[in-house]
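What follows is the content of start-v2.txt, which has compact mmCIF, N, CA and C atoms:
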# COMPACT_ATOMS: atom_id res chain seq x y z
N MET D 1 9.81 -5.45 16.77
CA MET D 1 9.82 -5.33 15.33
C MET D 1 10.56 -4.06 14.94
N LYS D 2 11.26 -4.12 13.86
CA LYS D 2 12.13 -3.03 13.43
C LYS D 2 11.39 -1.76 13.02
N LEU D 3 10.22 -1.91 12.45
CA LEU D 3 9.54 -0.74 11.87
C LEU D 3 8.26 -0.33 12.58
N ASP D 4 8.10 -0.75 13.83
CA ASP D 4 6.91 -0.34 14.59
C ASP D 4 6.77 1.17 14.54
N VAL D 5 5.56 1.64 14.49
CA VAL D 5 5.15 3.06 14.44
C VAL D 5 5.56 3.78 13.14
N HIS D 6 6.06 3.07 12.16
CA HIS D 6 6.39 3.67 10.87
C HIS D 6 5.31 3.34 9.85
N VAL D 7 5.18 4.21 8.86
CA VAL D 7 4.26 3.99 7.76
C VAL D 7 5.07 3.86 6.48
N ALA D 8 4.80 2.81 5.73
CA ALA D 8 5.47 2.60 4.44
C ALA D 8 4.44 2.75 3.33
N ILE D 9 4.73 3.62 2.38
CA ILE D 9 3.90 3.78 1.19
C ILE D 9 4.59 3.00 0.08
N VAL D 10 3.87 2.03 -0.49
CA VAL D 10 4.45 1.18 -1.52
C VAL D 10 3.67 1.37 -2.82
N ILE D 11 4.29 2.03 -3.78
CA ILE D 11 3.68 2.25 -5.09
C ILE D 11 3.83 0.97 -5.92
N GLY D 12 2.78 0.62 -6.64
CA GLY D 12 2.83 -0.58 -7.47
C GLY D 12 2.76 -1.85 -6.65
N SER D 13 1.94 -1.84 -5.62
CA SER D 13 1.92 -2.95 -4.66
C SER D 13 0.81 -3.97 -4.88
N ALA D 14 0.16 -3.92 -6.02
CA ALA D 14 -0.92 -4.88 -6.28
C ALA D 14 -0.40 -6.28 -6.61
N ARG D 15 0.85 -6.35 -7.06
CA ARG D 15 1.39 -7.67 -7.41
C ARG D 15 2.90 -7.63 -7.49
N TRP D 16 3.48 -8.78 -7.68
CA TRP D 16 4.90 -9.02 -7.88
C TRP D 16 5.78 -8.38 -6.81
N ILE D 17 6.79 -7.67 -7.23
CA ILE D 17 7.78 -7.14 -6.29
C ILE D 17 7.14 -6.15 -5.32
N GLY D 18 6.24 -5.29 -5.81
CA GLY D 18 5.58 -4.32 -4.94
C GLY D 18 4.80 -4.99 -3.82
N ALA D 19 4.07 -6.05 -4.14
CA ALA D 19 3.30 -6.78 -3.13
C ALA D 19 4.25 -7.45 -2.13
N ALA D 20 5.34 -8.00 -2.62
CA ALA D 20 6.32 -8.65 -1.73
C ALA D 20 6.96 -7.62 -0.80
N ILE D 21 7.27 -6.44 -1.32
CA ILE D 21 7.84 -5.39 -0.49
C ILE D 21 6.84 -4.97 0.59
N ALA D 22 5.58 -4.79 0.22
CA ALA D 22 4.55 -4.41 1.18
C ALA D 22 4.41 -5.45 2.28
N ARG D 23 4.40 -6.72 1.91
CA ARG D 23 4.30 -7.79 2.90
C ARG D 23 5.51 -7.81 3.84
N THR D 24 6.68 -7.55 3.29
CA THR D 24 7.90 -7.53 4.11
C THR D 24 7.88 -6.37 5.08
N PHE D 25 7.49 -5.18 4.62
CA PHE D 25 7.37 -4.04 5.53
C PHE D 25 6.40 -4.37 6.66
N SER D 26 5.28 -4.99 6.31
CA SER D 26 4.29 -5.34 7.33
C SER D 26 4.84 -6.34 8.33
N LYS D 27 5.55 -7.35 7.85
CA LYS D 27 6.15 -8.34 8.75
C LYS D 27 7.13 -7.70 9.72
N GLU D 28 7.73 -6.59 9.32
CA GLU D 28 8.68 -5.87 10.17
C GLU D 28 7.99 -4.84 11.06
N GLY D 29 6.65 -4.79 10.99
CA GLY D 29 5.89 -3.96 11.92
C GLY D 29 5.36 -2.65 11.37
N ALA D 30 5.66 -2.32 10.13
CA ALA D 30 5.18 -1.05 9.57
C ALA D 30 3.70 -1.13 9.22
N ASN D 31 3.02 0.00 9.34
CA ASN D 31 1.70 0.16 8.76
C ASN D 31 1.95 0.41 7.28
N VAL D 32 1.20 -0.25 6.41
CA VAL D 32 1.49 -0.19 4.98
C VAL D 32 0.34 0.44 4.21
N VAL D 33 0.69 1.39 3.36
CA VAL D 33 -0.26 1.98 2.43
C VAL D 33 0.08 1.43 1.05
N LEU D 34 -0.85 0.67 0.50
CA LEU D 34 -0.65 0.04 -0.80
C LEU D 34 -1.25 0.94 -1.87
N VAL D 35 -0.48 1.23 -2.90
CA VAL D 35 -0.93 2.15 -3.95
C VAL D 35 -0.74 1.51 -5.31
N ASP D 36 -1.79 1.59 -6.12
CA ASP D 36 -1.68 1.12 -7.51
C ASP D 36 -2.80 1.75 -8.32
N LEU D 37 -2.81 1.44 -9.60
CA LEU D 37 -3.78 2.00 -10.53
C LEU D 37 -5.18 1.42 -10.33
N GLU D 38 -6.17 2.14 -10.81
CA GLU D 38 -7.58 1.71 -10.71
C GLU D 38 -7.79 0.32 -11.30
N ARG D 39 -7.14 0.04 -12.43
CA ARG D 39 -7.32 -1.27 -13.06
C ARG D 39 -6.76 -2.42 -12.22
N MET D 40 -5.97 -2.09 -11.20
CA MET D 40 -5.36 -3.10 -10.33
C MET D 40 -6.08 -3.20 -8.98
N LYS D 41 -7.22 -2.54 -8.85
CA LYS D 41 -7.90 -2.43 -7.55
C LYS D 41 -8.20 -3.78 -6.91
N ALA D 42 -8.69 -4.73 -7.67
CA ALA D 42 -9.03 -6.05 -7.09
C ALA D 42 -7.79 -6.71 -6.48
N GLN D 43 -6.68 -6.69 -7.19
CA GLN D 43 -5.45 -7.29 -6.68
C GLN D 43 -4.91 -6.49 -5.50
N LEU D 44 -5.03 -5.16 -5.58
CA LEU D 44 -4.57 -4.29 -4.50
C LEU D 44 -5.33 -4.60 -3.21
N ASP D 45 -6.65 -4.70 -3.33
CA ASP D 45 -7.48 -5.03 -2.16
C ASP D 45 -7.15 -6.40 -1.60
N GLU D 46 -6.84 -7.34 -2.49
CA GLU D 46 -6.49 -8.70 -2.06
C GLU D 46 -5.19 -8.71 -1.24
N VAL D 47 -4.20 -7.96 -1.68
CA VAL D 47 -2.93 -7.88 -0.94
C VAL D 47 -3.17 -7.24 0.42
N ALA D 48 -3.93 -6.14 0.44
CA ALA D 48 -4.23 -5.46 1.71
C ALA D 48 -4.98 -6.38 2.66
N GLN D 49 -5.96 -7.09 2.15
CA GLN D 49 -6.75 -8.00 2.97
C GLN D 49 -5.85 -9.11 3.55
N GLY D 50 -4.95 -9.64 2.74
CA GLY D 50 -4.04 -10.68 3.22
C GLY D 50 -3.14 -10.18 4.35
N ILE D 51 -2.64 -8.96 4.21
CA ILE D 51 -1.80 -8.38 5.26
C ILE D 51 -2.62 -8.19 6.53
N ASN D 52 -3.81 -7.65 6.40
CA ASN D 52 -4.66 -7.41 7.57
C ASN D 52 -5.08 -8.71 8.26
N GLN D 53 -5.34 -9.75 7.48
CA GLN D 53 -5.73 -11.04 8.06
C GLN D 53 -4.59 -11.68 8.85
N LYS D 54 -3.36 -11.32 8.52
CA LYS D 54 -2.20 -11.86 9.25
C LYS D 54 -1.79 -10.96 10.40
N GLY D 55 -2.64 -10.00 10.75
CA GLY D 55 -2.36 -9.15 11.90
C GLY D 55 -1.65 -7.85 11.59
N GLY D 56 -1.36 -7.61 10.33
CA GLY D 56 -0.74 -6.35 9.93
C GLY D 56 -1.77 -5.25 9.76
N LYS D 57 -1.31 -4.09 9.43
CA LYS D 57 -2.19 -2.95 9.16
C LYS D 57 -1.88 -2.43 7.77
N ALA D 58 -2.85 -2.61 6.87
CA ALA D 58 -2.67 -2.19 5.49
C ALA D 58 -3.91 -1.46 5.00
N LYS D 59 -3.69 -0.45 4.18
CA LYS D 59 -4.77 0.30 3.55
C LYS D 59 -4.46 0.39 2.07
N ALA D 60 -5.44 0.09 1.23
CA ALA D 60 -5.28 0.16 -0.21
C ALA D 60 -5.83 1.50 -0.72
N ILE D 61 -5.04 2.18 -1.54
CA ILE D 61 -5.45 3.44 -2.13
C ILE D 61 -5.16 3.39 -3.62
N VAL D 62 -6.17 3.72 -4.42
CA VAL D 62 -5.99 3.78 -5.86
C VAL D 62 -5.46 5.16 -6.22
N ALA D 63 -4.32 5.19 -6.92
CA ALA D 63 -3.73 6.44 -7.38
C ALA D 63 -2.73 6.15 -8.49
N ASP D 64 -2.62 7.11 -9.40
CA ASP D 64 -1.63 7.05 -10.47
C ASP D 64 -0.44 7.89 -10.05
N ALA D 65 0.69 7.25 -9.84
CA ALA D 65 1.89 7.93 -9.34
C ALA D 65 2.45 8.94 -10.34
N THR D 66 1.97 8.94 -11.57
CA THR D 66 2.43 9.91 -12.55
C THR D 66 1.57 11.17 -12.55
N ASP D 67 0.52 11.20 -11.73
CA ASP D 67 -0.39 12.33 -11.65
C ASP D 67 -0.19 13.03 -10.30
N GLU D 68 0.37 14.23 -10.33
CA GLU D 68 0.69 14.95 -9.09
C GLU D 68 -0.53 15.14 -8.20
N GLY D 69 -1.66 15.45 -8.77
CA GLY D 69 -2.88 15.63 -7.98
C GLY D 69 -3.29 14.37 -7.25
N GLN D 70 -3.21 13.22 -7.93
CA GLN D 70 -3.56 11.96 -7.30
C GLN D 70 -2.56 11.60 -6.21
N VAL D 71 -1.29 11.90 -6.43
CA VAL D 71 -0.27 11.62 -5.42
C VAL D 71 -0.52 12.48 -4.18
N ASN D 72 -0.81 13.76 -4.38
CA ASN D 72 -1.10 14.64 -3.25
C ASN D 72 -2.32 14.15 -2.46
N LYS D 73 -3.35 13.72 -3.17
CA LYS D 73 -4.55 13.19 -2.53
C LYS D 73 -4.23 11.93 -1.73
N MET D 74 -3.39 11.04 -2.30
CA MET D 74 -3.00 9.81 -1.62
C MET D 74 -2.21 10.12 -0.35
N VAL D 75 -1.31 11.09 -0.43
CA VAL D 75 -0.52 11.46 0.76
C VAL D 75 -1.44 12.04 1.83
N ASP D 76 -2.37 12.90 1.42
CA ASP D 76 -3.33 13.47 2.39
C ASP D 76 -4.13 12.37 3.07
N GLU D 77 -4.60 11.39 2.27
CA GLU D 77 -5.37 10.28 2.86
C GLU D 77 -4.51 9.45 3.80
N THR D 78 -3.26 9.27 3.45
CA THR D 78 -2.32 8.51 4.30
C THR D 78 -2.14 9.22 5.64
N ILE D 79 -1.97 10.51 5.60
CA ILE D 79 -1.77 11.30 6.82
C ILE D 79 -2.99 11.24 7.73
N ARG D 80 -4.18 11.27 7.12
CA ARG D 80 -5.41 11.19 7.93
C ARG D 80 -5.49 9.83 8.59

If you took the structure in this file and wrote it as structure tokens, what would it be?
Amino acid sequence: MKLDVHVAIVIGSARWIGAAIARTFSKEGANVVLVDLERMKAQLDEVAQGINQKGGKAKAIVADATDEGQVNKMVDETIR
């Protein structure tokens, strides 16, 4: 796989293009961190669960990409 041992952070990945990008990264072997707003949590978790059920590695994190503090927290969680 092209992206083995890589981590892809996909902002806005609860639906539409973001979800498709996350799924594509996963199919290519990347570990995927799915990020979206709190109001999108149910959809975000659903996308992550679907990736994990197909053998991928996905983690859903709620964060607002316009808030520097939340972005820093998301990056710290990703690194851990």

Exercise. Stretch 43-48 of chain D: which residues within 6 Å, counting all atoms listed in the file, same-chain residues fewer than 4 positions away excluded, as a ChimeraX atom specification?
Worked result: /D:13-15,52-53,58-60

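The two atoms in question, atom C of D:Asp64 and atom CA of D:Arg23, are spaced 20.9 Å apart.
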
Exercise. What's the 8 Å shell around stretch 73-77 of chain D, counting all atoms listed in the file, without same-chain residues fewer than 4 positions away, as a PyMOL selection string?
Worked result: chain D and resi 61-63+67-69

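Candidate residues D:Ile51, D:Glu28, D:Val35, D:Ile9 were compared for distance to D:Ala65, and the nearest is D:Val35, using only N, CA and C atoms.
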
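From atom CA of D:Asp4 back to atom CA of D:Ile79, the distance works out to 16.5 Å.
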
Exercise. Using only N, CA and C atoms, which residue out of D:Gly50, D:Gly56, D:Gly18, D:Gly12 lies closest to D:Ala30?
Worked result: D:Gly56

Size and centre in Å, one decimal, axis-aligned box, all listed stretch 22-39 of chain D atoms plus 3 Å per side, as lines of an AutoDock Vina configuration file:
center_x = 0.4
center_y = -3.1
center_z = -0.6
size_x = 22.5
size_y = 16.5
size_z = 31.0

For this session: Could you tell me, as JSON, numbers by chain, which residues of stretch 34-63 of chain D DSSP assigns to strand (DSSP E) when given the backbone?
Result: {"D": [34, 35, 36, 58, 59, 60, 61, 62]}

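Each of D:Ala20, D:Val71, D:Leu37, D:Val32 was checked against D:His6 using only C-alpha atoms; the smallest atom-to-atom distance is that of D:Val32.
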
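Interatomic distance, atom C of D:Val5 to atom CA of D:Lys57: 11.0 Å.
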
Problem set entry | For D:Ala8: contacts at 9 Å, only C-alpha atoms, fewer than 2 positions along chain excluded, given as a PyMOL selection string | chain D and resi 6+10+22+25-26+30-34

For this session: Write out as a VMD selection string all residues of chain D that DSSP puts in helix (DSSP H, G or I) for this structure's backbone.
Result: chain D and resid 16 to 27 38 to 53 68 to 79

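Taking only N, CA and C atoms into account, D:Lys27 lies nearest to D:Lys2 out of the set D:Val7, D:Asn72, D:Gln49, D:Lys2.
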